[in-house]
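Asker: I'm passing along model-v1.txt; it holds compact mmCIF, C-alpha atoms.
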```txt
# COMPACT_ATOMS: atom_id res chain seq x y z
CA MET A 1 96.98 76.33 27.36
CA ASN A 2 98.85 79.46 26.18
CA PHE A 3 97.21 81.44 28.97
CA PHE A 4 98.38 79.02 31.67
CA ARG A 5 101.84 78.91 30.10
CA GLU A 6 101.96 82.72 30.26
CA ILE A 7 100.97 82.64 33.93
CA LYS A 8 103.68 80.08 34.69
CA GLU A 9 106.25 82.13 32.81
CA GLY A 10 105.07 85.31 34.56
CA LEU A 11 105.46 83.66 37.97
CA GLY A 12 109.02 82.66 37.11
CA ILE A 13 109.92 86.16 35.94
CA ALA A 14 108.26 87.71 38.99
CA TRP A 15 110.17 85.43 41.36
CA ASP A 16 113.47 86.22 39.61
CA ALA A 17 112.73 89.97 39.87
CA ILE A 18 111.94 89.67 43.58
CA ARG A 19 115.13 87.70 44.25
CA ALA A 20 117.21 90.20 42.23
CA ASN A 21 115.92 93.12 44.33
CA LYS A 22 115.53 91.57 47.78
CA LEU A 23 115.79 94.76 49.86
CA ARG A 24 113.42 96.66 47.61
CA SER A 25 110.95 93.77 47.67
CA VAL A 26 111.05 93.60 51.47
CA LEU A 27 110.49 97.35 51.82
CA THR A 28 107.70 97.22 49.23
CA THR A 29 105.84 94.41 51.02
CA LEU A 30 106.20 96.14 54.41
CA GLY A 31 103.19 98.36 53.74
CA ILE A 32 101.10 95.34 52.73
CA VAL A 33 102.27 93.40 55.80
CA ILE A 34 101.20 96.24 58.12
CA GLY A 35 97.90 96.59 56.26
CA ILE A 36 97.07 92.88 56.43
CA VAL A 37 98.06 92.67 60.12
CA THR A 38 95.82 95.60 61.09
CA VAL A 39 92.85 94.47 58.98
CA THR A 40 92.98 90.80 60.00
CA LEU A 41 93.62 91.66 63.65
CA MET A 42 90.60 93.96 63.62
CA ALA A 43 88.42 91.31 61.93
CA THR A 44 89.64 88.62 64.36
CA ALA A 45 88.96 90.86 67.37
CA ILE A 46 85.46 91.68 66.10
CA ASN A 47 84.71 87.97 65.59
CA GLY A 48 86.01 87.24 69.08
CA LEU A 49 83.84 89.97 70.62
CA ASN A 50 80.80 88.70 68.72
CA GLY A 51 81.40 85.17 69.96
CA ALA A 52 81.97 86.27 73.55
CA PHE A 53 78.86 88.47 73.48
CA HIS A 54 76.53 85.79 72.11
CA LYS A 55 77.90 83.22 74.55
CA SER A 56 77.31 85.62 77.45
CA ILE A 57 73.90 86.81 76.26
CA SER A 58 72.67 83.23 75.90
CA ILE A 59 72.49 83.18 79.74
CA ILE A 60 69.41 85.42 79.51
CA GLY A 61 67.57 82.93 77.33
CA ALA A 62 65.74 83.44 74.05
CA ASP A 63 62.45 82.46 75.73
CA MET A 64 62.68 84.88 78.66
CA LEU A 65 60.85 88.12 79.48
CA PHE A 66 61.80 90.46 82.33
CA VAL A 67 59.03 92.71 83.62
CA SER A 68 60.27 95.65 85.67
CA ARG A 69 59.59 99.28 86.40
CA ASN A 70 62.62 100.39 84.36
CA THR A 71 63.66 99.71 80.80
CA TRP A 72 67.12 98.23 80.20
CA PHE A 73 68.03 100.77 77.54
CA ALA A 74 66.50 104.24 77.79
CA HIS A 75 66.86 106.29 74.60
CA SER A 76 67.32 109.55 76.50
CA GLU A 77 67.87 110.92 79.98
CA ALA A 78 64.29 112.23 80.00
CA GLU A 79 62.97 108.73 79.30
CA TRP A 80 65.13 107.26 82.05
CA LEU A 81 63.94 109.88 84.57
CA LYS A 82 60.37 109.17 83.53
CA THR A 83 60.74 105.48 84.36
CA LEU A 84 61.96 106.35 87.86
CA LYS A 85 58.58 107.96 88.59
CA ARG A 86 56.66 104.78 87.80
CA ARG A 87 54.90 102.82 90.50
CA GLU A 88 56.83 99.92 91.98
CA ILE A 89 55.92 96.32 91.15
CA THR A 90 54.68 94.57 94.29
CA LEU A 91 54.71 90.91 95.32
CA GLU A 92 50.92 90.81 94.99
CA GLN A 93 51.22 91.91 91.37
CA CYS A 94 53.85 89.23 90.77
CA ARG A 95 51.53 86.56 92.13
CA ALA A 96 48.63 87.87 90.05
CA VAL A 97 50.77 87.63 86.90
CA GLU A 98 51.72 84.06 87.80
CA ARG A 99 48.06 83.11 88.25
CA GLU A 100 46.75 84.66 85.05
CA LEU A 101 49.42 83.82 82.48
CA SER A 102 48.64 80.86 80.22
CA LEU A 103 51.64 81.05 77.88
CA ALA A 104 54.30 80.89 80.60
CA ARG A 105 56.19 77.79 81.66
CA ALA A 106 57.51 79.46 84.83
CA VAL A 107 57.16 82.83 86.59
CA ALA A 108 59.45 84.03 89.37
CA PRO A 109 59.47 87.30 91.31
CA VAL A 110 63.04 88.44 91.97
CA VAL A 111 64.48 91.18 94.15
CA GLY A 112 68.09 91.72 95.19
CA ILE A 113 70.39 93.57 97.54
CA ALA A 114 74.16 93.49 98.12
CA GLN A 115 75.39 92.14 101.47
CA THR A 116 78.48 90.63 103.09
CA VAL A 117 78.38 86.85 103.55
CA ALA A 118 80.53 85.18 106.22
CA TYR A 119 81.38 81.72 107.53
CA LYS A 120 83.63 81.39 110.59
CA ASN A 121 86.62 83.64 109.93
CA ARG A 122 86.09 83.91 106.16
CA SER A 123 83.86 86.45 104.44
CA SER A 124 82.90 87.66 100.98
CA SER A 125 81.70 91.22 100.39
CA SER A 126 79.30 92.69 97.81
CA VAL A 127 77.48 89.39 97.34
CA GLN A 128 74.14 89.71 95.55
CA ILE A 129 71.35 88.40 97.82
CA LEU A 130 68.35 87.42 95.72
CA GLY A 131 64.91 86.75 97.14
CA SER A 132 62.76 84.52 94.94
CA THR A 133 60.59 81.41 94.79
CA ASP A 134 61.08 77.80 93.79
CA GLN A 135 60.62 78.79 90.12
CA PHE A 136 63.79 80.88 90.08
CA LEU A 137 65.82 77.87 88.94
CA ALA A 138 63.57 77.28 85.90
CA THR A 139 63.58 80.95 84.85
CA SER A 140 67.33 81.43 85.30
CA GLY A 141 68.51 78.35 83.41
CA PHE A 142 70.87 77.53 86.30
CA SER A 143 71.52 73.99 87.50
CA MET A 144 72.53 72.50 90.82
CA ASN A 145 76.07 71.38 91.51
CA GLU A 146 75.38 70.06 95.00
CA GLY A 147 72.39 69.74 97.29
CA ARG A 148 68.94 70.98 96.23
CA PHE A 149 67.00 74.14 95.49
CA ILE A 150 64.32 75.89 97.55
CA SER A 151 60.95 74.09 97.62
CA PRO A 152 57.56 75.85 97.17
CA GLY A 153 56.75 75.45 100.87
CA GLU A 154 60.12 76.86 101.93
CA ALA A 155 59.71 79.84 99.58
CA GLU A 156 56.34 80.79 101.05
CA GLY A 157 57.18 79.83 104.63
CA GLY A 158 60.34 81.91 104.70
CA ARG A 159 62.65 79.32 106.26
CA PRO A 160 66.19 80.65 106.97
CA ILE A 161 67.81 78.61 104.18
CA CYS A 162 69.81 79.56 101.12
CA VAL A 163 71.37 78.32 97.89
CA ILE A 164 74.80 79.79 97.16
CA GLY A 165 76.71 80.47 93.96
CA ASN A 166 79.91 78.72 93.02
CA ASP A 167 82.17 81.68 93.87
CA VAL A 168 80.58 82.07 97.31
CA ALA A 169 81.10 78.36 98.01
CA THR A 170 84.75 78.56 96.89
CA ASN A 171 85.47 81.69 98.94
CA LEU A 172 83.84 80.53 102.17
CA PHE A 173 84.41 76.79 102.26
CA ILE A 174 87.84 75.19 101.88
CA ASN A 175 88.06 71.39 101.79
CA GLU A 176 84.55 70.96 103.19
CA SER A 177 81.05 70.69 101.81
CA PRO A 178 78.82 73.77 102.29
CA ILE A 179 75.66 71.64 102.58
CA GLY A 180 74.14 71.88 106.05
CA LYS A 181 76.50 74.65 107.19
CA ARG A 182 75.17 77.88 108.63
CA ILE A 183 76.45 81.12 107.16
CA LYS A 184 75.82 84.74 108.02
CA VAL A 185 74.05 86.52 105.16
CA GLY A 186 74.13 90.18 106.11
CA PRO A 187 72.54 90.35 109.58
CA ARG A 188 70.85 86.93 109.44
CA ILE A 189 71.97 83.30 109.80
CA MET A 190 71.05 80.92 106.95
CA GLU A 191 71.49 77.20 106.41
CA VAL A 192 73.05 76.24 103.06
CA ILE A 193 70.93 73.63 101.26
CA GLY A 194 72.49 73.80 97.80
CA VAL A 195 75.30 75.06 95.57
CA LEU A 196 74.74 76.22 91.98
CA ASP A 197 76.84 75.12 89.04
CA LYS A 198 79.43 77.62 87.81
CA GLN A 199 77.83 80.15 85.44
CA GLY A 200 80.58 82.68 84.64
CA SER A 201 80.05 86.40 84.13
CA PHE A 202 77.42 88.32 82.23
CA LEU A 203 78.87 90.69 79.57
CA GLY A 204 81.89 91.29 81.80
CA MET A 205 79.70 93.26 84.25
CA GLY A 206 79.87 90.86 87.15
CA SER A 207 79.96 87.23 88.16
CA LEU A 208 76.74 85.24 88.22
CA ASP A 209 78.41 82.94 90.74
CA ASN A 210 78.74 85.61 93.43
CA GLN A 211 75.16 85.39 94.68
CA VAL A 212 72.95 83.81 97.34
CA ILE A 213 69.30 82.87 96.70
CA ILE A 214 66.95 82.89 99.68
CA PRO A 215 63.15 82.38 100.05
CA ILE A 216 61.15 85.44 99.07
CA GLN A 217 59.43 85.72 102.46
CA GLN A 218 62.77 85.54 104.27
CA PHE A 219 64.00 88.42 102.10
CA LEU A 220 60.95 90.55 102.94
CA ILE A 221 61.27 89.88 106.67
CA GLY A 222 65.01 90.34 107.03
CA TYR A 223 66.22 92.70 104.33
CA TRP A 224 63.63 94.82 102.51
CA ARG A 225 59.96 94.93 103.43
CA ASN A 226 58.55 96.74 100.36
CA PRO A 227 60.97 96.28 97.47
CA ASP A 228 60.51 96.91 93.77
CA PHE A 229 60.24 93.48 92.10
CA THR A 230 61.31 92.18 88.73
CA ILE A 231 59.15 89.41 87.28
CA LYS A 232 60.99 86.75 85.28
CA VAL A 233 58.70 85.01 82.80
CA LYS A 234 59.79 81.93 80.87
CA ALA A 235 57.62 81.42 77.80
CA ILE A 236 56.44 77.96 76.76
CA SER A 237 58.79 78.17 73.77
CA PRO A 238 60.93 80.81 71.98
CA GLU A 239 58.46 80.67 69.07
CA GLN A 240 55.66 81.84 71.36
CA LEU A 241 57.68 84.63 72.98
CA ASP A 242 55.88 87.45 71.14
CA GLU A 243 52.47 86.03 72.09
CA ALA A 244 53.61 85.62 75.69
CA LYS A 245 54.87 89.20 75.68
CA GLU A 246 51.50 90.52 74.57
CA GLU A 247 49.77 88.39 77.20
CA VAL A 248 52.11 89.73 79.90
CA ARG A 249 51.43 93.30 78.75
CA GLY A 250 47.67 92.77 78.92
CA VAL A 251 47.82 91.15 82.36
CA MET A 252 50.12 93.86 83.76
CA ARG A 253 47.89 96.64 82.44
CA LYS A 254 44.88 94.96 84.02
CA ILE A 255 46.64 94.42 87.35
CA ARG A 256 47.98 97.97 87.48
CA ARG A 257 44.55 99.32 86.43
CA LEU A 258 45.64 101.29 83.40
CA ALA A 259 42.94 102.88 81.25
CA PRO A 260 42.88 102.00 77.50
CA GLY A 261 44.46 105.32 76.58
CA ASP A 262 47.21 105.22 79.24
CA GLU A 263 50.72 104.26 78.28
CA ASP A 264 52.46 101.36 80.02
CA ASP A 265 53.97 102.24 83.41
CA PHE A 266 56.25 99.19 83.28
CA SER A 267 58.77 97.71 80.85
CA ILE A 268 59.01 94.25 79.33
CA ASN A 269 62.67 93.57 78.60
CA GLN A 270 64.15 90.67 76.65
CA GLN A 271 67.35 89.30 75.13
CA GLU A 272 66.62 90.89 71.76
CA GLN A 273 67.23 94.38 73.21
CA PHE A 274 70.82 93.48 74.09
CA ILE A 275 71.39 91.91 70.67
CA THR A 276 69.97 94.92 68.81
CA MET A 277 72.07 97.35 70.83
CA PHE A 278 75.21 95.25 70.43
CA ASN A 279 74.73 94.82 66.68
CA THR A 280 74.31 98.58 66.25
CA VAL A 281 77.39 99.43 68.30
CA ALA A 282 79.51 96.57 66.94
CA GLY A 283 78.51 97.38 63.36
CA THR A 284 79.58 101.00 63.79
CA ILE A 285 82.86 100.03 65.44
CA ALA A 286 83.57 97.43 62.76
CA THR A 287 82.86 99.85 59.91
CA VAL A 288 84.96 102.66 61.34
CA GLY A 289 87.73 100.30 62.45
CA LEU A 290 88.00 98.52 59.11
CA LEU A 291 87.96 101.83 57.22
CA ILE A 292 90.78 103.17 59.38
CA THR A 293 92.84 100.00 59.18
CA GLY A 294 92.05 99.77 55.46
CA LEU A 295 93.95 103.04 54.99
CA SER A 296 97.18 101.20 55.74
CA LEU A 297 96.37 98.79 52.90
CA PHE A 298 95.72 101.77 50.63
CA VAL A 299 99.11 103.24 51.53
CA GLY A 300 100.72 99.85 50.91
CA GLY A 301 99.00 99.66 47.52
CA ILE A 302 100.33 103.10 46.58
CA GLY A 303 103.82 101.87 47.49
CA ILE A 304 103.40 98.80 45.28
CA MET A 305 102.23 100.98 42.38
CA ASN A 306 105.19 103.33 42.77
CA ILE A 307 107.73 100.49 42.86
CA MET A 308 106.10 98.82 39.83
CA PHE A 309 106.42 102.06 37.84
CA VAL A 310 110.11 102.11 38.78
CA SER A 311 110.41 98.44 37.76
CA VAL A 312 108.78 99.12 34.40
CA ALA A 313 111.14 102.06 33.79
CA GLU A 314 114.19 99.94 34.70
CA ARG A 315 113.15 97.08 32.41
CA THR A 316 112.08 99.08 29.38
CA ARG A 317 114.70 97.46 27.12
CA GLU A 318 113.66 94.00 28.36
CA ILE A 319 110.07 94.82 27.43
CA GLY A 320 111.22 96.02 24.01
CA VAL A 321 113.18 92.81 23.38
CA ARG A 322 110.26 90.60 24.43
CA LYS A 323 107.83 92.47 22.21
CA ALA A 324 110.30 92.45 19.32
CA ILE A 325 110.54 88.64 19.41
CA GLY A 326 106.76 88.24 19.42
CA ALA A 327 105.48 88.70 22.99
CA LYS A 328 101.92 90.03 22.96
CA SER A 329 100.77 93.05 24.95
CA ARG A 330 98.62 90.67 27.02
CA THR A 331 101.74 88.68 27.97
CA ILE A 332 103.55 91.82 29.16
CA LEU A 333 100.46 92.95 31.04
CA LEU A 334 100.18 89.58 32.78
CA GLN A 335 103.88 89.56 33.62
CA PHE A 336 103.75 92.78 35.63
CA LEU A 337 100.35 92.06 37.15
CA ILE A 338 101.64 88.71 38.39
CA GLU A 339 104.75 90.37 39.79
CA ALA A 340 102.69 92.93 41.73
CA ALA A 341 100.25 90.26 42.91
CA THR A 342 103.12 87.98 44.01
CA VAL A 343 104.72 90.74 46.06
CA CYS A 344 101.38 91.47 47.74
CA MET A 345 100.62 87.79 48.36
CA LEU A 346 103.99 87.34 50.05
CA GLY A 347 103.22 90.38 52.20
CA GLY A 348 99.80 88.92 52.98
CA LEU A 349 101.28 85.58 54.07
CA VAL A 350 103.81 87.29 56.33
CA GLY A 351 101.02 89.47 57.75
CA LEU A 352 98.89 86.39 58.53
CA VAL A 353 101.77 84.74 60.38
CA ILE A 354 102.29 87.89 62.48
CA THR A 355 98.53 88.18 63.17
CA TYR A 356 98.37 84.53 64.21
CA LEU A 357 101.13 85.13 66.76
CA LEU A 358 99.46 88.31 68.03
CA THR A 359 96.17 86.48 68.65
CA PHE A 360 97.87 84.48 71.40
CA ALA A 361 98.51 87.72 73.30
CA LEU A 362 94.99 88.97 72.49
CA ARG A 363 93.41 85.85 74.03
CA ARG A 364 94.22 87.18 77.49
CA LEU A 365 91.65 89.92 76.89
CA ILE A 366 89.00 88.28 74.69
CA PRO A 367 88.50 84.72 73.38
CA VAL A 368 89.75 85.06 69.78
CA ASN A 369 90.65 82.55 67.12
CA MET A 370 91.75 83.41 63.59
CA SER A 371 89.20 81.68 61.38
CA PHE A 372 89.87 80.25 57.92
CA SER A 373 87.36 82.71 56.47
CA VAL A 374 89.40 85.66 57.78
CA MET A 375 92.62 84.11 56.47
CA GLY A 376 91.08 83.49 53.06
CA LEU A 377 89.67 87.01 52.94
CA ALA A 378 93.06 88.47 53.88
CA LEU A 379 94.80 86.61 51.05
CA LEU A 380 92.08 87.66 48.62
CA VAL A 381 92.47 91.29 49.67
CA SER A 382 96.25 90.97 49.21
CA LEU A 383 95.77 89.55 45.74
CA LEU A 384 93.28 92.26 44.74
CA THR A 385 95.54 94.97 46.16
CA GLY A 386 98.40 93.66 44.02
CA VAL A 387 96.29 93.45 40.86
CA ILE A 388 94.75 96.92 41.33
CA SER A 389 98.05 98.55 42.33
CA GLY A 390 99.98 96.92 39.51
CA PHE A 391 97.44 97.50 36.75
CA LEU A 392 98.51 101.01 35.67
CA PRO A 393 102.25 100.17 35.56
CA ALA A 394 101.48 96.90 33.76
CA TRP A 395 99.19 98.70 31.29
CA ARG A 396 101.92 101.24 30.61
CA ALA A 397 104.43 98.44 29.98
CA ALA A 398 102.02 96.54 27.71
CA ARG A 399 101.38 99.61 25.51
CA MET A 400 105.06 100.40 24.93
CA ASN A 401 106.23 100.63 21.36
CA PRO A 402 108.98 97.99 20.94
CA VAL A 403 111.12 100.32 18.79
CA ASP A 404 110.99 103.16 21.34
CA ALA A 405 111.62 100.66 24.17
CA LEU A 406 114.74 99.30 22.43
CA ARG A 407 116.09 102.80 21.98
CA ASN A 408 115.87 103.41 25.71
CA GLU A 409 119.22 103.67 27.48
```
For the file at hand, write its structure as C-alpha cells.

Answerer:
Amino acid sequence: MNFFREIKEGLGIAWDAIRANKLRSVLTTLGIVIGIVTVTLMATAINGLNGAFHKSISIIGADMLFVSRNTWFAHSEAEWLKTLKRREITLEQCRAVERELSLARAVAPVVGIAQTVAYKNRSSSSVQILGSTDQFLATSGFSMNEGRFISPGEAEGGRPICVIGNDVATNLFINESPIGKRIKVGPRIMEVIGVLDKQGSFLGMGSLDNQVIIPIQQFLIGYWRNPDFTIKVKAISPEQLDEAKEEVRGVMRKIRRLAPGDEDDFSINQQEQFITMFNTVAGTIATVGLLITGLSLFVGGIGIMNIMFVSVAERTREIGVRKAIGAKSRTILLQFLIEAATVCMLGGLVGLVITYLLTFALRRLIPVNMSFSVMGLALLVSLLTGVISGFLPAWRAARMNPVDALRNE
C-alpha cells in the first residue's frame, strides 16, 4: 500500500511541477512529440505497405505455378542475360504439360501483346491482349461479371470472340451492355461474350482490368504466330504445391529433352518469390527507417534528462526538507522518475494525436490505419524513454544528503 501511495503522491507532485513550469514542460515534450510522430508514422506506413502488398500478391494465388523461359527475379545481370538465350516455350509443350500432369487442377497456356481496342468512336490504348484457353479463368482466380467465358471448343477453334476486363468495358461502353457487341482489337474484329469482375491493380504496376482475353488459336492467327508462352499451373491444393512443382519440373525436362546433367532451361515461378523479396526489402527499410526515426526519440530523451537535472538542482532544498522529515531515498527516486515519465507520456499522447491526423493524408498514397498495437507500443516507448532519461537525475536526487541539501541556497 505504501508503494501505491508513493506513486499517487509522485503523480500529484509531478503534475504540480508541470503546471508550475508550463513553457518549459511544453518545450521539453516537443522532442518526445517529434520522436513519437516519426516512429509511429513509420510503423503505420510499414504496416500499411505490408497489408497492401499481401492483398495485391494474393491475386497470384498460393497454389499457382508459372512456367516460363525467364525467372521473375534474376540475382544478377549475367543470370538475366542467360535466361534470354533459353529456348522458347511452344504451344505443343504447353499441351504436353497439360496432358502429363497429375497434380494440377488446371493448366493454361498464356501469351500477351499490347494493342489498341476500339468501339465506334471510343478507343483504349495499351490494352493487354491475352491469348489462352478455357482454363484461363480457373488459373487466374477471376470471375465473370457479365456474360460467359470462352468454351473449350471456341479456344481450339479460334472463333473471333473475346472477354474484356472491367476497365475496357467502362472505357468503351457507356450506358449499354458490351455483350454481343463487336469491337476492334488491334487489326481484328471480335465479338464480346463476357466481362470480368473488377480485379484492381497488381503491386501498383498496372491494372488487371485493362485486358482482353481471346482464344489461343485466334491469337496465333491474328497477332503472333510463334510466341513464347507462359504456362499457368494451378495445383490441386496449396499443400501439394511443392509436389506439383517437382512434377512440373520433371515433365518440362522430359518435354524439352534435357539430359540428367543439364540444368533447367526454364523457370518455375511462384508467389513465394515475391513474398521473399518483399520481406527482405521491407525488413531492411523498416530497420533503417526505425533506427533513423528512433534518433529523434534519443534526442528527446537527452532533452528530458537535461531538464530533469535542472529540476533536481532547482528543488534541492525541497528534497532536503522531504528527506529531513522522513522521506526515503526510494520515495525521492520515484518522485522524479514519475515526473519524467509523465512528461514523456504527455508527449507520447500528443504525438499519437498528430500521427492519427497525418494518417488521413497518408491514405491517399497507401491504405494505412493506425492499429492499437502501434498505439500501445508508442505509449510504452514514451514511458520507457521517460524512465530511462529520468533515472540518472532521480538517482542523484535520491542520494542527496539532507543536511547538504538544506544548506543549498

Asker: Between A:Leu297, A:Leu290, A:Ala398, A:Met308, single out the one closest to Ala327 (chain A), counting all atoms listed in the file.

Answerer: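 Checking each of A:Leu297, A:Leu290, A:Ala398, A:Met308 against Ala327 (chain A), counting all atoms listed in the file, the winner is A:Ala398.
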
Asker: Skip Phe229 (chain A) itself and residues of its chain fewer than 3 positions away, then list as an MDAnalysis selection string all residues within 7 Å of it, counting all atoms listed in the file.

Answerer: chainID A and resid 68 89:91 109:111

Asker: Could you write those residues out with C-alpha atoms, as a tab-separated table (two decimals), in the coordinates of the input?

Answerer:
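After the write, selection16.tsv holds the following:
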```
chain	number	residue	atom	x	y	z
A	68	SER	CA	60.27	95.65	85.67
A	89	ILE	CA	55.92	96.32	91.15
A	90	THR	CA	54.68	94.57	94.29
A	91	LEU	CA	54.71	90.91	95.32
A	109	PRO	CA	59.47	87.30	91.31
A	110	VAL	CA	63.04	88.44	91.97
A	111	VAL	CA	64.48	91.18	94.15
```

Asker: Calculate how many Å separate CA of Leu101 (chain A) from CA of Ile255 (chain A), rounding to one decimal.

Answerer: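 The value is 12.0 Å.
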
Asker: Which is closest to Thr359 (chain A) among A:Gly35, A:Gly48, A:Gly200, A:Gly294, if we use only C-alpha atoms?

Answerer: A:Gly48

Asker: Give me the residues within 9 Å of Phe309 (chain A) as a PyMOL selection string, counting only C-alpha atoms and dropping any in the same chain fewer than 2 places off.

Answerer: chain A and resi 304-307+311-314+390+392-394+396-397

Asker: Pick out the residues sitting within 12 Å of Trp80 (chain A), and hand them over as JSON, numbers by chain; count only C-alpha atoms, and ignore anything fewer than 6 positions along from it in its own chain.

Answerer: {"A": [69, 70, 71, 72, 73, 74, 86, 267]}

Asker: Distance CA of Leu30 (chain A)-CA of Trp395 (chain A), one decimal place?

Answerer: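 Going from CA of Leu30 (chain A) over to CA of Trp395 (chain A) covers 24.3 Å.
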
Asker: So that I can check the surroundings of Ser237 (chain A), please list as a PDB file with C-alpha atoms, keeping the file's coordinate frame every protein, DNA and RNA residue that reaches within 12 Å of it, counting all atoms listed in the file and ignoring chain neighbours fewer than 6 positions away.

Answerer:
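Once written, part_19.pdb looks like this:
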```pdb
ATOM      1  CA  GLY A  61      67.570  82.930  77.330  1.00  0.00           C
ATOM      2  CA  ALA A  62      65.740  83.440  74.050  1.00  0.00           C
ATOM      3  CA  ASP A  63      62.450  82.460  75.730  1.00  0.00           C
ATOM      4  CA  MET A  64      62.680  84.880  78.660  1.00  0.00           C
ATOM      5  CA  LEU A  65      60.850  88.120  79.480  1.00  0.00           C
ATOM      6  CA  LEU A 103      51.640  81.050  77.880  1.00  0.00           C
ATOM      7  CA  ALA A 104      54.300  80.890  80.600  1.00  0.00           C
ATOM      8  CA  ARG A 105      56.190  77.790  81.660  1.00  0.00           C
ATOM      9  CA  ALA A 106      57.510  79.460  84.830  1.00  0.00           C
ATOM     10  CA  GLU A 243      52.470  86.030  72.090  1.00  0.00           C
ATOM     11  CA  ALA A 244      53.610  85.620  75.690  1.00  0.00           C
ATOM     12  CA  LYS A 245      54.870  89.200  75.680  1.00  0.00           C
TER      13      LYS A 245
END
```

Asker: Need to verify the contact set: Val192 (chain A), 9 Å, all atoms listed in the file, exclusion of same-chain residues closer than 4 positions in sequence. Can you return it as number ranges by chain?

Answerer: A: 147, 161-164, 178-183

Asker: Go through A:Ile18, A:Ala138, A:Leu196, A:Met277 and flag the residue nearest Ala235 (chain A), using all atoms listed in the file for the distances.

Answerer: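 Closest residue, counting all atoms listed in the file: A:Ala138.
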
Asker: Which value, in Å to one decimal, gives the distance between CA of Ile213 (chain A) and CA of Gly131 (chain A)?

Answerer: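 The value is 5.9 Å.
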
Asker: Of the candidates A:Phe66, A:Phe391, A:Tyr356, A:Tyr119, which shows the shortest atom-to-atom distance to Gln273 (chain A), using all atoms listed in the file?

Answerer: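 Closest to Gln273 (chain A), using all atoms listed in the file: A:Phe66.
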
Asker: Could you list as a list in words every residue that has an atom within 9 Å of (60.7, 77.3, 87.8), using the file's coordinates and counting only C-alpha atoms?

Answerer: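 Residues with an atom at most 9 Å from (60.7, 77.3, 87.8): Arg105, Ala106, Val107, Ala108, Thr133, Asp134, Gln135, Phe136, Leu137, Ala138, Thr139, Ser140 and Lys234 of chain A.
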
Asker: Which one is closest to Phe219 (chain A): A:Gly326, A:Gly194, A:Gly31, A:Gly186? Count only C-alpha atoms.

Answerer: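 Answer, going by the shortest atom-to-atom distance: A:Gly186.
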
Asker: For Leu358 (chain A), which residue out of A:Asn21, A:Thr28, A:Ser389, A:Thr44 is the nearest one, using all atoms listed in the file?

Answerer: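 Of all the options, A:Thr44 lies closest to Leu358 (chain A).
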
Asker: How would region 17-21 of chain A look with all heavy atoms restored, written as a PDB file, in the frame of the given file?

Answerer:
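See selection06.pdb below for the written result:
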```pdb
ATOM      1  N   ALA A  17     112.630  88.529  39.602  1.00  0.00           N
ATOM      2  CA  ALA A  17     112.730  89.970  39.870  1.00  0.00           C
ATOM      3  C   ALA A  17     112.763  90.238  41.365  1.00  0.00           C
ATOM      4  O   ALA A  17     113.502  91.112  41.838  1.00  0.00           O
ATOM      5  CB  ALA A  17     111.548  90.686  39.222  1.00  0.00           C
ATOM      6  N   ILE A  18     111.967  89.488  42.123  1.00  0.00           N
ATOM      7  CA  ILE A  18     111.940  89.670  43.580  1.00  0.00           C
ATOM      8  C   ILE A  18     113.273  89.274  44.187  1.00  0.00           C
ATOM      9  O   ILE A  18     113.819  89.967  45.059  1.00  0.00           O
ATOM     10  CB  ILE A  18     110.793  88.842  44.200  1.00  0.00           C
ATOM     11  CG1 ILE A  18     109.441  89.421  43.791  1.00  0.00           C
ATOM     12  CG2 ILE A  18     110.906  88.811  45.721  1.00  0.00           C
ATOM     13  CD1 ILE A  18     108.258  88.554  44.154  1.00  0.00           C
ATOM     14  N   ARG A  19     113.830  88.160  43.734  1.00  0.00           N
ATOM     15  CA  ARG A  19     115.130  87.700  44.250  1.00  0.00           C
ATOM     16  C   ARG A  19     116.242  88.657  43.868  1.00  0.00           C
ATOM     17  O   ARG A  19     117.210  88.848  44.616  1.00  0.00           O
ATOM     18  CB  ARG A  19     115.433  86.310  43.729  1.00  0.00           C
ATOM     19  CG  ARG A  19     114.638  85.233  44.452  1.00  0.00           C
ATOM     20  CD  ARG A  19     114.778  83.883  43.794  1.00  0.00           C
ATOM     21  NE  ARG A  19     116.147  83.588  43.405  1.00  0.00           N
ATOM     22  CZ  ARG A  19     116.512  82.491  42.738  1.00  0.00           C
ATOM     23  NH1 ARG A  19     115.595  81.593  42.421  1.00  0.00           N
ATOM     24  NH2 ARG A  19     117.756  82.290  42.413  1.00  0.00           N
ATOM     25  N   ALA A  20     116.156  89.280  42.683  1.00  0.00           N
ATOM     26  CA  ALA A  20     117.210  90.200  42.230  1.00  0.00           C
ATOM     27  C   ALA A  20     117.182  91.510  43.015  1.00  0.00           C
ATOM     28  O   ALA A  20     118.193  92.218  43.079  1.00  0.00           O
ATOM     29  CB  ALA A  20     117.035  90.482  40.736  1.00  0.00           C
ATOM     30  N   ASN A  21     116.034  91.865  43.577  1.00  0.00           N
ATOM     31  CA  ASN A  21     115.920  93.120  44.330  1.00  0.00           C
ATOM     32  C   ASN A  21     115.315  92.821  45.705  1.00  0.00           C
ATOM     33  O   ASN A  21     114.196  93.242  46.024  1.00  0.00           O
ATOM     34  CB  ASN A  21     115.038  94.117  43.575  1.00  0.00           C
ATOM     35  CG  ASN A  21     115.568  94.447  42.197  1.00  0.00           C
ATOM     36  OD1 ASN A  21     116.461  95.277  42.039  1.00  0.00           O
ATOM     37  ND2 ASN A  21     115.010  93.794  41.183  1.00  0.00           N
TER      38      ASN A  21
END
```
